[in-house]
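Structure file start-v3.cif (mmCIF, C-alpha atoms) is printed below.
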```
data_structure
#
loop_
_atom_site.label_atom_id
_atom_site.label_comp_id
_atom_site.auth_asym_id
_atom_site.auth_seq_id
_atom_site.Cartn_x
_atom_site.Cartn_y
_atom_site.Cartn_z
CA MET A 1 48.84 -60.91 198.83
CA TYR A 2 49.99 -58.17 196.44
CA LYS A 3 51.95 -56.35 199.14
CA PHE A 4 53.57 -59.62 200.23
CA LEU A 5 54.76 -60.34 196.67
CA VAL A 6 56.22 -56.83 196.39
CA PHE A 7 58.08 -57.39 199.67
CA LEU A 8 59.53 -60.68 198.39
CA LEU A 9 60.78 -58.94 195.28
CA ILE A 10 62.27 -55.88 197.01
CA VAL A 11 64.14 -57.55 199.87
CA PRO A 12 66.39 -59.78 197.69
CA ALA A 13 67.09 -56.75 195.50
CA LEU A 14 68.25 -54.73 198.52
CA PHE A 15 70.70 -57.39 199.62
CA ALA A 16 71.90 -58.32 196.13
CA ASN A 17 74.17 -55.24 195.92
CA VAL A 18 75.86 -55.19 199.33
CA ASP A 19 79.46 -53.91 199.19
CA THR A 20 80.72 -53.91 202.78
CA ASP A 21 84.30 -52.74 202.03
CA MET A 22 83.09 -50.23 199.42
CA ASP A 23 85.54 -51.36 196.74
CA GLY A 24 82.91 -51.55 193.98
CA VAL A 25 82.63 -55.36 194.07
CA ASP A 26 79.55 -56.98 195.64
CA ASP A 27 80.16 -59.08 198.72
CA ILE A 28 78.66 -62.15 197.00
CA VAL A 29 81.58 -62.25 194.52
CA ASP A 30 84.25 -60.37 196.53
CA GLN A 31 87.14 -62.82 197.07
CA CYS A 32 89.13 -60.32 199.15
CA PRO A 33 86.74 -58.74 201.66
CA GLY A 34 88.08 -55.93 203.81
CA THR A 35 90.34 -54.22 201.25
CA LEU A 36 91.18 -50.62 202.10
CA ILE A 37 89.05 -47.92 200.54
CA THR A 38 92.24 -46.42 199.11
CA ASP A 39 93.05 -49.61 197.15
CA LEU A 40 92.37 -50.10 193.45
CA VAL A 41 90.91 -53.61 193.03
CA ASP A 42 90.34 -56.12 190.23
CA ILE A 43 87.00 -57.74 189.31
CA LYS A 44 87.45 -60.22 192.16
CA GLY A 45 87.76 -57.42 194.73
CA CYS A 46 91.46 -58.02 195.38
CA GLY A 47 93.83 -55.08 195.65
CA ILE A 48 96.18 -54.44 192.74
CA GLU A 49 97.32 -50.91 193.55
CA SER A 50 97.02 -48.44 196.40
CA LEU A 51 95.66 -45.02 195.53
CA VAL A 52 97.66 -43.58 198.43
CA SER A 53 101.17 -42.83 197.22
CA PRO A 54 104.07 -44.37 199.20
CA HIS A 55 106.02 -41.16 198.46
CA HIS A 56 105.81 -38.40 201.06
CA TYR A 57 107.55 -35.04 201.42
CA ASP A 58 107.83 -32.23 203.91
CA ILE A 59 109.44 -28.81 204.13
CA ILE A 60 110.48 -27.33 207.48
CA VAL A 61 111.54 -23.78 208.31
CA GLY A 62 112.98 -22.94 211.69
CA ALA A 63 114.50 -20.27 213.89
CA SER A 64 116.76 -20.70 216.91
CA TYR A 65 118.65 -18.70 219.50
CA SER A 66 121.69 -19.77 221.51
CA GLN A 67 123.64 -18.04 224.24
CA MET A 68 127.15 -18.93 225.25
CA ASN A 69 129.44 -17.44 227.91
CA SER A 70 133.16 -17.90 227.31
CA ASN A 71 135.83 -18.25 229.98
CA SER A 72 136.31 -14.49 229.86
CA ASN A 73 132.59 -14.06 230.64
CA ALA A 74 132.02 -12.55 227.18
CA LYS A 75 128.51 -13.46 226.07
CA THR A 76 127.86 -14.54 222.48
CA ASP A 77 124.34 -14.53 221.09
CA THR A 78 123.66 -16.52 217.92
CA TYR A 79 120.48 -16.31 215.84
CA THR A 80 119.93 -18.99 213.22
CA LYS A 81 117.39 -19.49 210.44
CA SER A 82 117.15 -23.00 208.98
CA LEU A 83 115.52 -24.74 206.04
CA SER A 84 115.21 -28.47 205.41
CA ALA A 85 113.36 -30.72 202.98
CA ASP A 86 112.62 -34.42 203.57
CA TYR A 87 111.59 -37.23 201.26
CA TYR A 88 110.10 -40.53 202.51
CA TYR A 89 109.49 -43.76 200.63
CA LYS A 90 108.29 -46.68 202.75
CA ASN A 91 111.16 -47.22 205.25
CA TYR A 92 113.64 -45.00 203.40
CA SER A 93 114.23 -41.28 203.85
CA ALA A 94 116.45 -38.54 202.44
CA GLN A 95 117.08 -35.00 203.65
CA ILE A 96 118.81 -31.78 202.68
CA SER A 97 119.23 -29.00 205.23
CA THR A 98 121.03 -25.69 205.50
CA SER A 99 121.09 -22.63 207.75
CA HIS A 100 122.13 -19.00 208.07
CA SER A 101 123.48 -17.65 211.37
CA THR A 102 124.30 -14.29 212.91
CA SER A 103 126.57 -14.15 215.97
CA LYS A 104 127.01 -11.08 218.15
CA SER A 105 129.24 -10.33 221.13
CA ALA A 106 131.38 -7.49 222.46
CA SER A 107 134.18 -8.40 220.05
CA LEU A 108 132.30 -10.28 217.31
CA ASN A 109 129.64 -9.46 214.75
CA ASP A 110 129.59 -12.19 212.15
CA ASN A 111 126.98 -13.76 209.88
CA GLY A 112 126.78 -16.20 206.99
CA LEU A 113 125.68 -19.61 205.82
CA GLY A 114 126.28 -22.65 207.97
CA ASP A 115 126.90 -26.24 206.92
CA THR A 116 124.70 -27.87 204.29
CA THR A 117 123.92 -31.51 205.07
CA LEU A 118 122.78 -34.24 202.69
CA ALA A 119 121.64 -37.39 204.51
CA ALA A 120 119.72 -40.62 204.02
CA GLY A 121 118.27 -43.22 206.39
CA TYR A 122 116.55 -46.59 206.62
CA ILE A 123 114.19 -47.83 209.36
CA PHE A 124 114.07 -51.56 210.17
CA ASN A 125 112.12 -53.66 212.68
CA ILE A 126 114.03 -55.82 215.15
CA GLN A 127 111.09 -56.97 217.32
CA PRO A 128 107.42 -55.92 217.40
CA ASN A 129 108.19 -53.04 219.80
CA LEU A 130 111.81 -52.43 218.86
CA SER A 131 112.96 -50.63 215.71
CA GLY A 132 116.25 -49.26 214.45
CA ARG A 133 117.40 -46.62 212.02
CA VAL A 134 120.72 -46.39 210.22
CA GLY A 135 121.78 -43.17 208.57
CA ALA A 136 124.65 -41.71 206.56
CA GLY A 137 125.42 -38.35 205.05
CA ILE A 138 127.89 -35.68 204.02
CA VAL A 139 128.44 -32.23 205.52
CA LEU A 140 129.26 -29.61 202.90
CA PRO A 141 131.21 -26.56 204.18
CA THR A 142 129.02 -23.87 202.63
CA TYR A 143 130.46 -21.11 204.81
CA LYS A 144 133.53 -18.89 205.04
CA SER A 145 136.11 -19.89 207.63
CA THR A 146 139.59 -18.88 208.73
CA LEU A 147 140.14 -22.09 210.74
CA ASN A 148 140.79 -24.48 207.82
CA ASN A 149 137.57 -26.32 208.73
CA ASN A 150 136.17 -26.02 205.22
CA ASN A 151 136.51 -29.58 203.92
CA THR A 152 133.67 -32.06 203.40
CA ASP A 153 132.95 -34.24 206.44
CA TYR A 154 131.09 -37.56 206.57
CA ILE A 155 128.58 -38.74 209.16
CA ALA A 156 127.04 -42.09 210.13
CA SER A 157 124.45 -42.90 212.79
CA LEU A 158 122.52 -45.72 214.44
CA ASN A 159 119.36 -45.18 216.51
CA LEU A 160 117.15 -47.60 218.45
CA THR A 161 113.59 -47.01 219.66
CA TYR A 162 111.57 -49.21 222.03
CA THR A 163 107.85 -48.45 222.26
CA MET A 164 105.55 -49.33 225.17
CA ASP A 165 102.03 -48.07 224.51
CA LYS A 166 102.37 -44.24 224.70
CA ILE A 167 105.94 -44.29 226.02
CA ASN A 168 109.07 -44.81 223.95
CA LEU A 169 112.71 -45.17 224.96
CA PHE A 170 115.39 -44.17 222.47
CA ALA A 171 119.17 -44.13 222.19
CA GLY A 172 121.56 -43.20 219.42
CA TYR A 173 125.17 -43.18 218.33
CA ASN A 174 126.77 -41.01 215.66
CA PHE A 175 130.21 -40.77 214.12
CA THR A 176 131.71 -37.83 212.24
CA MET A 177 134.72 -38.31 209.99
CA THR A 178 136.44 -34.94 210.08
CA ASN A 179 138.57 -34.07 207.06
CA ASP A 180 139.58 -30.54 208.04
CA ASP A 181 143.22 -29.46 207.88
CA ASP A 182 145.05 -28.85 211.15
CA ILE A 183 146.44 -25.43 211.99
CA PRO A 184 149.94 -25.98 213.45
CA ASN A 185 150.23 -24.99 217.12
CA THR A 186 146.60 -23.80 217.12
CA VAL A 187 143.94 -26.36 216.20
CA VAL A 188 144.18 -30.14 215.75
CA TYR A 189 141.06 -31.72 214.27
CA GLN A 190 139.81 -35.23 215.06
CA ASN A 191 137.00 -37.64 214.25
CA ALA A 192 134.12 -37.33 216.69
CA HIS A 193 131.87 -39.85 218.45
CA GLY A 194 128.55 -38.93 220.01
CA MET A 195 125.73 -40.59 221.91
CA SER A 196 122.29 -39.68 223.18
CA ALA A 197 119.45 -41.30 225.12
CA GLY A 198 116.01 -40.27 226.28
CA VAL A 199 112.36 -41.02 226.87
CA GLY A 200 109.31 -39.76 225.00
CA TYR A 201 105.57 -39.70 225.62
CA SER A 202 102.65 -39.45 223.16
CA VAL A 203 100.15 -37.28 225.00
CA ASN A 204 97.56 -37.83 222.27
CA GLU A 205 97.42 -38.34 218.51
CA LYS A 206 98.67 -34.80 217.90
CA LEU A 207 101.09 -34.01 220.76
CA TYR A 208 104.41 -35.74 221.49
CA VAL A 209 107.07 -34.70 224.04
CA ASN A 210 110.45 -36.07 225.05
CA GLY A 211 113.52 -35.39 227.16
CA SER A 212 117.08 -36.51 226.42
CA TYR A 213 120.76 -36.35 227.33
CA SER A 214 123.56 -36.10 224.77
CA ARG A 215 127.34 -36.05 224.80
CA ALA A 216 129.77 -35.80 221.88
CA ASP A 217 133.45 -35.33 221.16
CA SER A 218 134.49 -31.95 219.88
CA THR A 219 135.95 -32.05 216.36
CA SER A 220 138.91 -30.15 217.85
CA LYS A 221 141.27 -31.97 220.22
CA ASN A 222 141.83 -28.70 222.07
CA THR A 223 138.17 -28.31 222.99
CA GLU A 224 136.14 -29.97 225.76
CA ASP A 225 133.43 -32.45 224.80
CA THR A 226 129.94 -31.06 224.30
CA GLU A 227 127.30 -32.18 226.81
CA SER A 228 123.68 -31.13 227.23
CA ILE A 229 120.18 -32.06 228.37
CA SER A 230 117.16 -31.10 226.31
CA MET A 231 113.38 -31.29 225.98
CA MET A 232 111.28 -31.21 222.83
CA GLY A 233 107.63 -31.14 221.85
CA SER A 234 105.92 -31.62 218.48
CA TYR A 235 102.31 -30.94 217.55
CA SER A 236 100.28 -31.75 214.41
CA LEU A 237 98.08 -28.79 213.56
CA ASP A 238 96.17 -30.70 210.88
CA GLN A 239 96.77 -33.24 208.12
CA HIS A 240 99.51 -31.11 206.55
CA TRP A 241 100.86 -28.55 209.02
CA PHE A 242 102.97 -29.42 212.07
CA THR A 243 105.20 -27.58 214.49
CA SER A 244 107.88 -28.32 217.08
CA ALA A 245 109.88 -26.51 219.74
CA SER A 246 112.89 -27.44 221.85
CA TYR A 247 115.11 -26.19 224.65
CA ALA A 248 118.61 -27.40 225.56
CA TYR A 249 120.82 -26.56 228.52
CA GLY A 250 124.57 -26.90 228.19
CA LEU A 251 126.43 -28.94 230.80
CA SER A 252 129.96 -28.21 229.53
CA ASP A 253 131.86 -25.00 228.77
CA SER A 254 132.07 -25.90 225.07
CA THR A 255 128.27 -26.12 224.76
CA SER A 256 125.81 -23.24 224.46
CA ASP A 257 124.44 -22.39 227.88
CA HIS A 258 120.93 -22.03 226.48
CA TYR A 259 119.47 -23.07 223.14
CA LEU A 260 115.90 -22.42 221.98
CA SER A 261 114.34 -23.42 218.66
CA ALA A 262 110.96 -23.39 216.94
CA ASN A 263 110.02 -25.04 213.64
CA LEU A 264 107.04 -25.04 211.31
CA GLY A 265 106.58 -27.77 208.70
CA TYR A 266 104.25 -28.72 205.88
CA ARG A 267 103.82 -32.31 204.73
CA PHE A 268 102.39 -33.37 201.39
#
```
So that I can check it, write out the structure of this file as structure tokens.
Amino acid sequence: MYKFLVFLLIVPALFANVDTDMDGVDDIVDQCPGTLITDLVDIKGCGIESLVSPHHYDIIVGASYSQMNSNSNAKTDTYTKSLSADYYYKNYSAQISTSHSTSKSASLNDNGLGDTTLAAGYIFNIQPNLSGRVGAGIVLPTYKSTLNNNNTDYIASLNLTYTMDKINLFAGYNFTMTNDDDIPNTVVYQNAHGMSAGVGYSVNEKLYVNGSYSRADSTSKNTEDTESISMMGSYSLDQHWFTSASYAYGLSDSTSDHYLSANLGYRF
């Protein structure tokens, strides 16, 4: 009889403090069961604040190589180092990026800063599997030039992505408002339109690959449109570190014949 009474006393005690969602509020009084473990809750067990910040950042460093053969068969090799920083808040994003390049050929040995770009974007849902992104930015001419192309340009873009399980289809359009001054009888600048489209595949939670085609007007009326096909892969090393690599093959004379890049990023 004694053991039976002890059992009757212990069992209710064990079940009196059950907290299934581990928010610190017993199930018997929890009015919002299933709250995330990262949520701060009130005495009723209902979330009042998430302990996971909606603000996210990353820094990405990169290196690239491009090779271009001119009509005179003179080969130009260009080596570029890049740096970018991104800020994300819910569906909004902002970015600053810059680069430093060195170009070498039989008649050229030049190096210096490239453009510096400030941009912002917003992602919106159109349908459950279809999302869009609008973006805008300015291109600051942080380089020395003898071609009068050292004025601030403006960019705008629209991208659509359709996701089907591990596969996604994407397409984009961009517009560049070119404010550079023409050089009489040499260079006439123009606004430029560009488009791209491709397909991507999520191999697993860490690895993503895609292939795409892109075509864009040259900002100079005297130059052929740029056209290329490319492939890219990105891989998450862990919760913070990630990397990516890409290769592009030029389909027009105004585009680099070969372009290789590798990037390493840290998110926090």
*Could you name the residues that touch A:Ala262 at 9 Å or less, counting only C-alpha atoms, but leaving out those on the same chain fewer than 6 positions away, as a ChimeraX atom specification?*
/A:61-64,243-246
Write out as a short mmCIF file (atom, residue, chain, number, x, y, z; two decimals) with C-alpha atoms, in the coordinates of the input each polymer residue whose atoms come within 12 Å of A:Asn69, counting only C-alpha atoms; drop sequence neighbours fewer than 2 positions from it.
```
data_model
loop_
_atom_site.label_atom_id
_atom_site.label_comp_id
_atom_site.auth_asym_id
_atom_site.auth_seq_id
_atom_site.Cartn_x
_atom_site.Cartn_y
_atom_site.Cartn_z
CA SER A 66 121.69 -19.77 221.51
CA GLN A 67 123.64 -18.04 224.24
CA ASN A 71 135.83 -18.25 229.98
CA SER A 72 136.31 -14.49 229.86
CA ASN A 73 132.59 -14.06 230.64
CA ALA A 74 132.02 -12.55 227.18
CA LYS A 75 128.51 -13.46 226.07
CA THR A 76 127.86 -14.54 222.48
CA ASP A 77 124.34 -14.53 221.09
CA THR A 78 123.66 -16.52 217.92
CA LYS A 104 127.01 -11.08 218.15
CA SER A 105 129.24 -10.33 221.13
CA ALA A 106 131.38 -7.49 222.46
CA GLY A 250 124.57 -26.90 228.19
CA SER A 252 129.96 -28.21 229.53
CA ASP A 253 131.86 -25.00 228.77
CA SER A 254 132.07 -25.90 225.07
CA THR A 255 128.27 -26.12 224.76
CA SER A 256 125.81 -23.24 224.46
CA ASP A 257 124.44 -22.39 227.88
CA HIS A 258 120.93 -22.03 226.48
#
```
*Identify, on the basis of all atoms listed in the file, every residue whose closest approach to A:Ser234 does not exceed 8 Å; exclude the query and any residue fewer than 2 positions from it along the same chain; express the result as number ranges by chain.*
A: 206-209, 232, 236, 242-245
*Go through A:Asn210, A:Asn222, A:Asn125, A:Val203 one by one, measure the shortest atom-to-atom distance of each to A:Thr186 using all atoms listed in the file, and give the residue with the smallest value.*
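Going through A:Asn210, A:Asn222, A:Asn125, A:Val203 one by one, the smallest distance to A:Thr186 is for A:Asn222.
The space separating atom CA of A:Ser230 from atom CA of A:Ser218 comes to 18.5 Å.
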Residues in the PyMOL selection byres ((chain A and resi 214) around 9), expressed as a short mmCIF file (atom, residue, chain, number, x, y, z; two decimals) with C-alpha atoms, keeping the file's coordinate frame:
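expr.cif was written with the following content:
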```cif
data_model
loop_
_atom_site.label_atom_id
_atom_site.label_comp_id
_atom_site.auth_asym_id
_atom_site.auth_seq_id
_atom_site.Cartn_x
_atom_site.Cartn_y
_atom_site.Cartn_z
CA GLY A 194 128.55 -38.93 220.01
CA MET A 195 125.73 -40.59 221.91
CA SER A 196 122.29 -39.68 223.18
CA ALA A 197 119.45 -41.30 225.12
CA GLY A 198 116.01 -40.27 226.28
CA SER A 212 117.08 -36.51 226.42
CA TYR A 213 120.76 -36.35 227.33
CA ARG A 215 127.34 -36.05 224.80
CA ALA A 216 129.77 -35.80 221.88
CA THR A 226 129.94 -31.06 224.30
CA GLU A 227 127.30 -32.18 226.81
CA SER A 228 123.68 -31.13 227.23
CA ILE A 229 120.18 -32.06 228.37
CA SER A 230 117.16 -31.10 226.31
#
```
*Separation of atom CA of A:Asp153 from atom CA of A:Ile183 in Å*: 17.0 Å
*Could you give me, as a VMD selection string, the residues within 8 Å of A:His193, counting only C-alpha atoms and dropping anything in the same chain fewer than 2 positions from it?*
chain A and resid 173 to 176 191 195 216 to 217
*Of the candidates A:Tyr143, A:Ile123, A:Ala136, A:Ala192, which shows the shortest atom-to-atom distance to A:Ser101, using all atoms listed in the file?*
A:Tyr143
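The spacing separating atom CA of A:Leu83 from atom CA of A:Thr178 amounts to 23.6 Å.
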For a cutoff of 6 Å around the file-coordinate point (109.7, -28.4, 210.0), which residues qualify once you count only C-alpha atoms? I'd like the result as a PDB file with C-alpha atoms, in the coordinates of the input.
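Output saved as point28.pdb:
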```pdb
ATOM      1  CA  ILE A  59     109.440 -28.810 204.130  1.00  0.00           C
ATOM      2  CA  ILE A  60     110.480 -27.330 207.480  1.00  0.00           C
ATOM      3  CA  VAL A  61     111.540 -23.780 208.310  1.00  0.00           C
ATOM      4  CA  ASN A 263     110.020 -25.040 213.640  1.00  0.00           C
ATOM      5  CA  LEU A 264     107.040 -25.040 211.310  1.00  0.00           C
ATOM      6  CA  GLY A 265     106.580 -27.770 208.700  1.00  0.00           C
TER       7      GLY A 265
END
```
*Exactly which residues make up the result of the PyMOL selection byres ((chain A and resi 119) around 8) on this file, given as a list of chain:residue names?*
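Output of the PyMOL selection byres ((chain A and resi 119) around 8): A:Ala94, A:Gln95, A:Ile96, A:Thr117, A:Leu118, A:Ala120, A:Gly121, A:Gly135, A:Ala136, A:Gly137, A:Ile138.
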*Residue nearest A:Met177 among A:Thr163, A:Ser157, A:Thr116, A:Gln190 (counting all atoms listed in the file)*: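 Going through A:Thr163, A:Ser157, A:Thr116, A:Gln190 one by one, the smallest distance to A:Met177 is for A:Gln190.
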Would you mind completing stretch 109-133 of chain A to N, CA, C and O atoms and writing the output as a PDB file, keeping the file's coordinate frame?
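Contents of part_6.pdb, freshly written:
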```pdb
ATOM      1  N   ASN A 109     130.897  -9.701 215.444  1.00  0.00           N
ATOM      2  CA  ASN A 109     129.640  -9.460 214.750  1.00  0.00           C
ATOM      3  C   ASN A 109     129.766 -10.132 213.385  1.00  0.00           C
ATOM      4  O   ASN A 109     130.252  -9.546 212.431  1.00  0.00           O
ATOM      5  N   ASP A 110     129.346 -11.380 213.335  1.00  0.00           N
ATOM      6  CA  ASP A 110     129.590 -12.190 212.150  1.00  0.00           C
ATOM      7  C   ASP A 110     128.286 -12.845 211.707  1.00  0.00           C
ATOM      8  O   ASP A 110     127.420 -13.159 212.517  1.00  0.00           O
ATOM      9  N   ASN A 111     128.157 -13.053 210.387  1.00  0.00           N
ATOM     10  CA  ASN A 111     126.980 -13.760 209.880  1.00  0.00           C
ATOM     11  C   ASN A 111     127.337 -14.455 208.580  1.00  0.00           C
ATOM     12  O   ASN A 111     128.309 -14.084 207.906  1.00  0.00           O
ATOM     13  N   GLY A 112     126.546 -15.459 208.228  1.00  0.00           N
ATOM     14  CA  GLY A 112     126.780 -16.200 206.990  1.00  0.00           C
ATOM     15  C   GLY A 112     126.120 -17.554 207.023  1.00  0.00           C
ATOM     16  O   GLY A 112     125.505 -17.958 208.020  1.00  0.00           O
ATOM     17  N   LEU A 113     126.250 -18.271 205.918  1.00  0.00           N
ATOM     18  CA  LEU A 113     125.680 -19.610 205.820  1.00  0.00           C
ATOM     19  C   LEU A 113     126.407 -20.573 206.748  1.00  0.00           C
ATOM     20  O   LEU A 113     127.603 -20.419 207.008  1.00  0.00           O
ATOM     21  N   GLY A 114     125.676 -21.577 207.207  1.00  0.00           N
ATOM     22  CA  GLY A 114     126.280 -22.650 207.970  1.00  0.00           C
ATOM     23  C   GLY A 114     126.533 -23.848 207.082  1.00  0.00           C
ATOM     24  O   GLY A 114     126.559 -23.736 205.847  1.00  0.00           O
ATOM     25  N   ASP A 115     126.718 -25.006 207.691  1.00  0.00           N
ATOM     26  CA  ASP A 115     126.900 -26.240 206.920  1.00  0.00           C
ATOM     27  C   ASP A 115     125.632 -26.565 206.127  1.00  0.00           C
ATOM     28  O   ASP A 115     124.522 -26.196 206.508  1.00  0.00           O
ATOM     29  N   THR A 116     125.812 -27.276 205.019  1.00  0.00           N
ATOM     30  CA  THR A 116     124.700 -27.870 204.290  1.00  0.00           C
ATOM     31  C   THR A 116     124.866 -29.386 204.376  1.00  0.00           C
ATOM     32  O   THR A 116     125.930 -29.912 204.046  1.00  0.00           O
ATOM     33  N   THR A 117     123.829 -30.069 204.840  1.00  0.00           N
ATOM     34  CA  THR A 117     123.920 -31.510 205.070  1.00  0.00           C
ATOM     35  C   THR A 117     123.009 -32.268 204.129  1.00  0.00           C
ATOM     36  O   THR A 117     121.842 -31.911 203.951  1.00  0.00           O
ATOM     37  N   LEU A 118     123.556 -33.303 203.512  1.00  0.00           N
ATOM     38  CA  LEU A 118     122.780 -34.240 202.690  1.00  0.00           C
ATOM     39  C   LEU A 118     122.832 -35.586 203.412  1.00  0.00           C
ATOM     40  O   LEU A 118     123.925 -36.098 203.695  1.00  0.00           O
ATOM     41  N   ALA A 119     121.667 -36.158 203.715  1.00  0.00           N
ATOM     42  CA  ALA A 119     121.640 -37.390 204.510  1.00  0.00           C
ATOM     43  C   ALA A 119     120.551 -38.327 204.014  1.00  0.00           C
ATOM     44  O   ALA A 119     119.597 -37.912 203.355  1.00  0.00           O
ATOM     45  N   ALA A 120     120.711 -39.606 204.366  1.00  0.00           N
ATOM     46  CA  ALA A 120     119.720 -40.620 204.020  1.00  0.00           C
ATOM     47  C   ALA A 120     119.625 -41.614 205.168  1.00  0.00           C
ATOM     48  O   ALA A 120     120.583 -41.789 205.942  1.00  0.00           O
ATOM     49  N   GLY A 121     118.464 -42.267 205.303  1.00  0.00           N
ATOM     50  CA  GLY A 121     118.270 -43.220 206.390  1.00  0.00           C
ATOM     51  C   GLY A 121     117.359 -44.368 206.016  1.00  0.00           C
ATOM     52  O   GLY A 121     116.627 -44.297 205.022  1.00  0.00           O
ATOM     53  N   TYR A 122     117.401 -45.424 206.828  1.00  0.00           N
ATOM     54  CA  TYR A 122     116.550 -46.590 206.620  1.00  0.00           C
ATOM     55  C   TYR A 122     116.089 -47.109 207.973  1.00  0.00           C
ATOM     56  O   TYR A 122     116.904 -47.314 208.877  1.00  0.00           O
ATOM     57  N   ILE A 123     114.775 -47.318 208.122  1.00  0.00           N
ATOM     58  CA  ILE A 123     114.190 -47.830 209.360  1.00  0.00           C
ATOM     59  C   ILE A 123     113.925 -49.330 209.206  1.00  0.00           C
ATOM     60  O   ILE A 123     113.396 -49.766 208.179  1.00  0.00           O
ATOM     61  N   PHE A 124     114.293 -50.120 210.226  1.00  0.00           N
ATOM     62  CA  PHE A 124     114.070 -51.560 210.170  1.00  0.00           C
ATOM     63  C   PHE A 124     113.510 -52.025 211.515  1.00  0.00           C
ATOM     64  O   PHE A 124     113.765 -51.427 212.566  1.00  0.00           O
ATOM     65  N   ASN A 125     112.719 -53.085 211.479  1.00  0.00           N
ATOM     66  CA  ASN A 125     112.120 -53.660 212.680  1.00  0.00           C
ATOM     67  C   ASN A 125     112.976 -54.802 213.202  1.00  0.00           C
ATOM     68  O   ASN A 125     113.383 -55.686 212.446  1.00  0.00           O
ATOM     69  N   ILE A 126     113.258 -54.767 214.506  1.00  0.00           N
ATOM     70  CA  ILE A 126     114.030 -55.820 215.150  1.00  0.00           C
ATOM     71  C   ILE A 126     113.089 -56.781 215.872  1.00  0.00           C
ATOM     72  O   ILE A 126     113.196 -57.991 215.751  1.00  0.00           O
ATOM     73  N   GLN A 127     112.155 -56.244 216.633  1.00  0.00           N
ATOM     74  CA  GLN A 127     111.090 -56.970 217.320  1.00  0.00           C
ATOM     75  C   GLN A 127     109.824 -56.141 217.174  1.00  0.00           C
ATOM     76  O   GLN A 127     109.874 -54.990 216.728  1.00  0.00           O
ATOM     77  N   PRO A 128     108.663 -56.682 217.549  1.00  0.00           N
ATOM     78  CA  PRO A 128     107.420 -55.920 217.400  1.00  0.00           C
ATOM     79  C   PRO A 128     107.464 -54.518 217.995  1.00  0.00           C
ATOM     80  O   PRO A 128     106.917 -53.582 217.434  1.00  0.00           O
ATOM     81  N   ASN A 129     108.128 -54.345 219.139  1.00  0.00           N
ATOM     82  CA  ASN A 129     108.190 -53.040 219.800  1.00  0.00           C
ATOM     83  C   ASN A 129     109.532 -52.340 219.657  1.00  0.00           C
ATOM     84  O   ASN A 129     109.707 -51.237 220.184  1.00  0.00           O
ATOM     85  N   LEU A 130     110.461 -52.981 218.975  1.00  0.00           N
ATOM     86  CA  LEU A 130     111.810 -52.430 218.860  1.00  0.00           C
ATOM     87  C   LEU A 130     112.170 -52.192 217.401  1.00  0.00           C
ATOM     88  O   LEU A 130     112.066 -53.092 216.574  1.00  0.00           O
ATOM     89  N   SER A 131     112.570 -50.964 217.082  1.00  0.00           N
ATOM     90  CA  SER A 131     112.960 -50.630 215.710  1.00  0.00           C
ATOM     91  C   SER A 131     114.301 -49.901 215.725  1.00  0.00           C
ATOM     92  O   SER A 131     114.725 -49.349 216.744  1.00  0.00           O
ATOM     93  N   GLY A 132     114.966 -49.925 214.595  1.00  0.00           N
ATOM     94  CA  GLY A 132     116.250 -49.260 214.450  1.00  0.00           C
ATOM     95  C   GLY A 132     116.284 -48.382 213.213  1.00  0.00           C
ATOM     96  O   GLY A 132     115.467 -48.542 212.302  1.00  0.00           O
ATOM     97  N   ARG A 133     117.206 -47.473 213.183  1.00  0.00           N
ATOM     98  CA  ARG A 133     117.400 -46.620 212.020  1.00  0.00           C
ATOM     99  C   ARG A 133     118.881 -46.415 211.800  1.00  0.00           C
ATOM    100  O   ARG A 133     119.612 -46.040 212.724  1.00  0.00           O
TER     101      ARG A 133
END
```
